[in-house]
Amino acid sequence: MTTTVWALLAAVYVACIVETVEATTVVLAMGITRGWRSTLLGVVTALAALAAVTSIGGYALIHWLPVSALQLVIGGLLLAFGLQWIRKAVYRSSGRKSLHDEDEIFSRQLAAAKDAGERQPFDMFGFMVSLKSVFLEGMEVVFIVLTFGLNAHRIPSASLAALAAVVTVVVIAVIARRPLAMIPENTLKYGVGLMLAAFGSFWAFEGLGVLRSGHVSVAWPGADWSILVLLLAWFLASRVMIRVLRPAPADVPQSTAAPSEVLS
Amino acid sequence: MTALTRFLKDFGHFWVEFLIGDDWKLFALVVSVLVVGGLLVAAGVGDTTVVLTCAGLTLVGFCAELVLDLRLEARRDPH
């Protein structure tokens with residue numbers, strides 16, 4: 001496998017770790033307060049729905065679109081997605097936004113579950129909340145796996161990387177039996193945002209070739225090596241913006257997350 | 001509101017947030033850059049010029065958007 005493919009798999013793995021941690025926090029809170037039967041049923045239902053969406057979406061994308069159109073659409077979405085992640089990372093690193101804190105989210109979910117009334121034999125609240133959480137976070141995983149997998153023609157490898165991430169998080173959660181606040185989620189999100197923006201720019205602008213006769217993709221100078229240059233460019237731009245946006249010390253909001261996770 | 005209605009409403013909200021995000025200006029930036037790139041390709045401009053122009057516009061646009069947000073925030077809350 002090439003360096004680019006390894007970088008893709010690393011991006012899928014890290015992105016899936018982040019999304020799985022977020023879903024696991026909600027599932028843990030529901031399981032503890034509302035019972036594991038309905039919560040796990042919600043998880044299984046969401047996973048079945050995600051499998052269906054992945055199969056149908058993957059088949060449709062592969063068979064209906066020419067390669068350059070696929071690059072344009074998928075790269076464009078990936079770029080838009082990556083810019084949002086970098087923007088949040090820049091705001092968090094500059095102190096303009098509180099860090100994502102799984103402990104706080106867990107406490108909020110516990111309180112909401114306790115306020116939701118008495119448990120029934122089949123607890124609809126626990127079922128719906130866990131289903132929604134796993135499905136919504138899972139959709140982001142599906143999107144990342146499909147986009148990276150389709151563009152690199154490595155859907156099985158991308159799926160395995162995603163599965164490895166899910167297994168990693170679930171094993172840690174089962175052992176720890178508490179929210180996974182120890183995983184440096186904000187830093188991981190920053191790294192994934194940079195990779196999404198780099199790969200997204202590369203593919204989206206390549207895909208502009210769909211507009212010329214023959215639909216031949218636009219070529220980057222240096223081919224795949226351009227991805228590294230794009231990665232570096234997005235990293236430098238984000239560091240500059242962190243400095244530009246950093247407010248005076250008196251204006252910085254108090255963060256509740258671990259100090260070790262501050263990005264700069 | 002039933003749990004199912006709430007789920008469907010949240011699902012719709014998710015797709016808007018998923019595709020456009022919480023800052024529509026960044027989505028608009030990507031679309032605008034792709035339109036410019038498309039025009040350059042249609043005009044027969046060379047590949048290197050197309051990709052470098054698009055990449056440069058995206059980087060500059062992203063930084064400008066963050067600075068613009070900062071200015072708007074300062075105007076809304078001068079203290």
# chains A, B, ... in the order shown; residues from 1 in each chain; ligands from 1
$ closest_atom_pairs --of "chain B" --to "chain A" --cutoff "9 Å" --atoms "only C-alpha atoms" --output "CSV"
residue,atom,partner,partner_atom,distance
B:Ala3,CA,A:Met128,CA,7.0
B:Leu4,CA,A:Met128,CA,8.2
B:Phe7,CA,A:Lys132,CA,7.0
B:Asp10,CA,A:Lys132,CA,8.5
B:Phe11,CA,A:Leu136,CA,7.7
B:Phe14,CA,A:Leu136,CA,7.3
B:Phe18,CA,A:Phe81,CA,7.7
B:Leu19,CA,A:Leu77,CA,7.0
B:Ile20,CA,A:Ala80,CA,7.5
B:Gly21,CA,A:Gln84,CA,6.6
B:Asp22,CA,A:Gln84,CA,7.7
B:Asp23,CA,A:Gln84,CA,7.5
B:Leu26,CA,A:Ala80,CA,6.6
B:Phe27,CA,A:Ala80,CA,5.5
B:Ala28,CA,A:Ala80,CA,8.9
B:Leu29,CA,A:Ala80,CA,8.5
B:Val30,CA,A:Ala80,CA,6.2
B:Val31,CA,A:Gly76,CA,7.8
B:Leu34,CA,A:Phe205,CA,7.3
B:Gly37,CA,A:Leu208,CA,6.8
B:Gly38,CA,A:Leu208,CA,5.9
B:Leu39,CA,A:Leu211,CA,9.0
B:Val41,CA,A:Arg212,CA,6.9
B:Ala42,CA,A:Arg212,CA,6.4
B:Gly44,CA,A:Arg212,CA,8.5
B:Gly46,CA,A:Val218,CA,8.8
B:Asp47,CA,A:Val218,CA,5.5
B:Thr48,CA,A:Trp220,CA,6.1
B:Val50,CA,A:Phe205,CA,7.8
B:Val51,CA,A:Phe205,CA,5.8
B:Leu52,CA,A:Trp220,CA,8.4
B:Cys54,CA,A:Phe205,CA,7.1
B:Ala55,CA,A:Ser201,CA,6.8
B:Thr58,CA,A:Ser201,CA,8.5
B:Leu59,CA,A:Ala237,CA,7.2
B:Val60,CA,A:Ala237,CA,8.7
B:Phe62,CA,A:Leu83,CA,7.6
B:Cys63,CA,A:Met241,CA,6.7
B:Leu66,CA,A:Arg87,CA,7.6
B:Val67,CA,A:Leu245,CA,7.5
B:Leu70,CA,A:Leu245,CA,7.3
$ write_last_selection --atoms "C-alpha atoms" --output "PDB file, in the first residue's frame"
ATOM      1  CA  ALA B   3     -40.491  10.255  20.026  1.00  0.00           C
ATOM      2  CA  LEU B   4     -40.764   9.347  16.324  1.00  0.00           C
ATOM      3  CA  PHE B   7     -36.443  11.740  15.765  1.00  0.00           C
ATOM      4  CA  ASP B  10     -33.716  15.847  14.526  1.00  0.00           C
ATOM      5  CA  PHE B  11     -32.803  13.723  11.499  1.00  0.00           C
ATOM      6  CA  PHE B  14     -28.817  16.641  11.231  1.00  0.00           C
ATOM      7  CA  PHE B  18     -24.084  17.724   8.302  1.00  0.00           C
ATOM      8  CA  LEU B  19     -23.926  19.261   4.818  1.00  0.00           C
ATOM      9  CA  ILE B  20     -23.847  22.972   5.632  1.00  0.00           C
ATOM     10  CA  GLY B  21     -22.565  22.889   9.230  1.00  0.00           C
ATOM     11  CA  ASP B  22     -23.095  25.558  11.829  1.00  0.00           C
ATOM     12  CA  ASP B  23     -21.507  28.206   9.618  1.00  0.00           C
ATOM     13  CA  LEU B  26     -17.882  28.076   4.836  1.00  0.00           C
ATOM     14  CA  PHE B  27     -20.229  25.958   2.710  1.00  0.00           C
ATOM     15  CA  ALA B  28     -20.831  29.014   0.493  1.00  0.00           C
ATOM     16  CA  LEU B  29     -17.044  29.472   0.232  1.00  0.00           C
ATOM     17  CA  VAL B  30     -16.551  25.900  -1.033  1.00  0.00           C
ATOM     18  CA  VAL B  31     -19.379  26.266  -3.576  1.00  0.00           C
ATOM     19  CA  LEU B  34     -15.799  25.307  -7.178  1.00  0.00           C
ATOM     20  CA  GLY B  37     -12.669  26.565 -10.734  1.00  0.00           C
ATOM     21  CA  GLY B  38     -15.386  25.310 -13.073  1.00  0.00           C
ATOM     22  CA  LEU B  39     -15.281  28.557 -15.045  1.00  0.00           C
ATOM     23  CA  VAL B  41     -11.685  24.722 -16.589  1.00  0.00           C
ATOM     24  CA  ALA B  42     -14.436  25.651 -19.052  1.00  0.00           C
ATOM     25  CA  GLY B  44      -9.441  26.036 -21.028  1.00  0.00           C
ATOM     26  CA  GLY B  46      -4.138  24.938 -17.551  1.00  0.00           C
ATOM     27  CA  ASP B  47      -4.540  22.348 -14.766  1.00  0.00           C
ATOM     28  CA  THR B  48      -1.833  23.747 -12.467  1.00  0.00           C
ATOM     29  CA  VAL B  50      -6.791  25.873 -11.866  1.00  0.00           C
ATOM     30  CA  VAL B  51      -5.822  23.828  -8.785  1.00  0.00           C
ATOM     31  CA  LEU B  52      -3.459  26.459  -7.349  1.00  0.00           C
ATOM     32  CA  CYS B  54      -8.753  27.146  -6.162  1.00  0.00           C
ATOM     33  CA  ALA B  55      -6.512  26.060  -3.266  1.00  0.00           C
ATOM     34  CA  THR B  58     -10.045  28.409  -0.287  1.00  0.00           C
ATOM     35  CA  LEU B  59      -7.213  29.128   2.161  1.00  0.00           C
ATOM     36  CA  VAL B  60      -7.579  32.903   1.939  1.00  0.00           C
ATOM     37  CA  PHE B  62     -11.280  30.450   5.144  1.00  0.00           C
ATOM     38  CA  CYS B  63      -8.979  32.837   7.039  1.00  0.00           C
ATOM     39  CA  LEU B  66     -12.817  33.604  10.599  1.00  0.00           C
ATOM     40  CA  VAL B  67     -11.620  37.222  10.820  1.00  0.00           C
ATOM     41  CA  LEU B  70     -14.452  37.893  14.870  1.00  0.00           C
TER      42      LEU B  70
END
$ atom_distance --atom1 "CA of Ala43 (chain B)" --atom2 "CA of Leu57 (chain B)"
18.0 Å
$ closest_residue --among "A:Leu231, A:Ala158, A:Leu236, A:Val44" --to "Trp6 (chain A)" --atoms "only C-alpha atoms"
A:Ala158
$ residues_around --residues "Ser159 (chain A)" --least-positions-apart "3" --cutoff "12 Å" --atoms "only C-alpha atoms" --output "number ranges by chain"
A: 8-10, 12-13, 16, 51, 54-55, 58, 141-150, 153-156, 162-166
$ select_by_dssp --residues "chain B" --states "helix (DSSP H, G or I)" --output "PyMOL selection string"
chain B and resi 3-20+24-42+47-76
$ decode --residues "region 119-168 of chain A" --atoms "N, CA and C atoms" --output "compact mmCIF listing (two decimals), in the first residue's frame"
# COMPACT_ATOMS: atom_id res chain seq x y z
N ARG A 119 -39.16 3.93 34.27
CA ARG A 119 -38.85 2.97 33.20
C ARG A 119 -40.03 2.02 32.97
N GLN A 120 -40.30 1.70 31.72
CA GLN A 120 -41.30 0.69 31.36
C GLN A 120 -40.55 -0.62 31.07
N PRO A 121 -41.27 -1.75 30.91
CA PRO A 121 -40.58 -3.00 30.56
C PRO A 121 -39.71 -2.83 29.31
N PHE A 122 -40.30 -2.13 28.29
CA PHE A 122 -39.45 -1.73 27.16
C PHE A 122 -39.33 -0.21 27.21
N ASP A 123 -38.11 0.28 27.44
CA ASP A 123 -37.94 1.72 27.67
C ASP A 123 -37.73 2.46 26.35
N MET A 124 -38.79 3.15 25.89
CA MET A 124 -38.74 3.83 24.60
C MET A 124 -37.73 4.99 24.62
N PHE A 125 -37.61 5.66 25.76
CA PHE A 125 -36.67 6.80 25.84
C PHE A 125 -35.23 6.34 25.60
N GLY A 126 -34.83 5.28 26.35
CA GLY A 126 -33.46 4.76 26.19
C GLY A 126 -33.22 4.25 24.77
N PHE A 127 -34.26 3.59 24.19
CA PHE A 127 -34.15 3.04 22.84
C PHE A 127 -33.94 4.16 21.82
N MET A 128 -34.81 5.19 21.89
CA MET A 128 -34.75 6.26 20.89
C MET A 128 -33.47 7.10 21.01
N VAL A 129 -33.09 7.40 22.24
CA VAL A 129 -31.90 8.25 22.42
C VAL A 129 -30.64 7.51 21.94
N SER A 130 -30.52 6.22 22.29
CA SER A 130 -29.32 5.49 21.85
C SER A 130 -29.35 5.27 20.33
N LEU A 131 -30.56 4.98 19.78
CA LEU A 131 -30.68 4.80 18.33
C LEU A 131 -30.26 6.09 17.60
N LYS A 132 -30.80 7.20 18.06
CA LYS A 132 -30.51 8.49 17.41
C LYS A 132 -29.02 8.81 17.49
N SER A 133 -28.46 8.62 18.67
CA SER A 133 -27.05 8.96 18.86
C SER A 133 -26.15 8.11 17.96
N VAL A 134 -26.38 6.79 17.99
CA VAL A 134 -25.52 5.90 17.19
C VAL A 134 -25.73 6.15 15.70
N PHE A 135 -26.99 6.39 15.28
CA PHE A 135 -27.25 6.60 13.86
C PHE A 135 -26.63 7.90 13.36
N LEU A 136 -26.81 8.97 14.14
CA LEU A 136 -26.30 10.27 13.68
C LEU A 136 -24.76 10.31 13.67
N GLU A 137 -24.15 9.80 14.74
CA GLU A 137 -22.68 9.78 14.76
C GLU A 137 -22.17 8.79 13.70
N GLY A 138 -22.92 7.68 13.55
CA GLY A 138 -22.53 6.65 12.58
C GLY A 138 -22.60 7.16 11.15
N MET A 139 -23.55 8.09 10.87
CA MET A 139 -23.66 8.63 9.52
C MET A 139 -22.37 9.35 9.12
N GLU A 140 -21.76 10.01 10.09
CA GLU A 140 -20.50 10.71 9.79
C GLU A 140 -19.41 9.68 9.47
N VAL A 141 -19.42 8.56 10.22
CA VAL A 141 -18.45 7.50 9.96
C VAL A 141 -18.68 6.93 8.55
N VAL A 142 -19.96 6.67 8.23
CA VAL A 142 -20.30 6.12 6.91
C VAL A 142 -19.81 7.06 5.81
N PHE A 143 -20.06 8.35 6.00
CA PHE A 143 -19.65 9.36 5.02
C PHE A 143 -18.13 9.32 4.81
N ILE A 144 -17.41 9.28 5.90
CA ILE A 144 -15.94 9.29 5.81
C ILE A 144 -15.42 8.01 5.16
N VAL A 145 -15.99 6.87 5.56
CA VAL A 145 -15.57 5.58 4.99
C VAL A 145 -15.86 5.56 3.49
N LEU A 146 -17.08 5.99 3.10
CA LEU A 146 -17.44 5.97 1.68
C LEU A 146 -16.57 6.91 0.85
N THR A 147 -16.36 8.13 1.37
CA THR A 147 -15.60 9.10 0.59
C THR A 147 -14.15 8.68 0.42
N PHE A 148 -13.52 8.33 1.54
CA PHE A 148 -12.11 7.91 1.46
C PHE A 148 -11.99 6.60 0.69
N GLY A 149 -12.89 5.66 1.00
CA GLY A 149 -12.82 4.35 0.38
C GLY A 149 -13.04 4.41 -1.12
N LEU A 150 -14.05 5.17 -1.55
CA LEU A 150 -14.36 5.25 -2.98
C LEU A 150 -13.24 5.92 -3.76
N ASN A 151 -12.72 7.02 -3.23
CA ASN A 151 -11.69 7.75 -3.94
C ASN A 151 -10.38 6.98 -4.05
N ALA A 152 -10.08 6.21 -3.01
CA ALA A 152 -8.83 5.45 -3.03
C ALA A 152 -9.06 4.02 -3.53
N HIS A 153 -10.31 3.70 -3.91
CA HIS A 153 -10.70 2.34 -4.31
C HIS A 153 -10.33 1.34 -3.22
N ARG A 154 -10.57 1.72 -1.97
CA ARG A 154 -10.19 0.88 -0.83
C ARG A 154 -11.35 0.80 0.17
N ILE A 155 -12.56 0.55 -0.29
CA ILE A 155 -13.70 0.50 0.63
C ILE A 155 -13.52 -0.58 1.70
N PRO A 156 -13.08 -1.81 1.34
CA PRO A 156 -12.92 -2.83 2.40
C PRO A 156 -11.88 -2.40 3.45
N SER A 157 -10.74 -1.81 3.01
CA SER A 157 -9.72 -1.38 3.98
C SER A 157 -10.26 -0.25 4.85
N ALA A 158 -10.97 0.70 4.23
CA ALA A 158 -11.54 1.82 5.01
C ALA A 158 -12.55 1.30 6.01
N SER A 159 -13.36 0.31 5.60
CA SER A 159 -14.36 -0.27 6.51
C SER A 159 -13.67 -0.97 7.68
N LEU A 160 -12.56 -1.67 7.38
CA LEU A 160 -11.82 -2.36 8.45
C LEU A 160 -11.23 -1.36 9.44
N ALA A 161 -10.71 -0.24 8.90
CA ALA A 161 -10.14 0.80 9.78
C ALA A 161 -11.24 1.36 10.69
N ALA A 162 -12.44 1.56 10.12
CA ALA A 162 -13.57 2.07 10.92
C ALA A 162 -13.97 1.05 11.99
N LEU A 163 -14.02 -0.22 11.58
CA LEU A 163 -14.40 -1.28 12.53
C LEU A 163 -13.37 -1.37 13.66
N ALA A 164 -12.09 -1.26 13.29
CA ALA A 164 -11.03 -1.31 14.31
C ALA A 164 -11.19 -0.17 15.32
N ALA A 165 -11.59 1.01 14.81
CA ALA A 165 -11.79 2.16 15.71
C ALA A 165 -12.95 1.89 16.66
N VAL A 166 -14.05 1.35 16.12
CA VAL A 166 -15.23 1.07 16.96
C VAL A 166 -14.86 0.04 18.03
N VAL A 167 -14.15 -1.02 17.62
CA VAL A 167 -13.76 -2.06 18.58
C VAL A 167 -12.86 -1.46 19.67
N THR A 168 -11.89 -0.62 19.26
CA THR A 168 -10.98 0.02 20.22
C THR A 168 -11.77 0.78 21.30
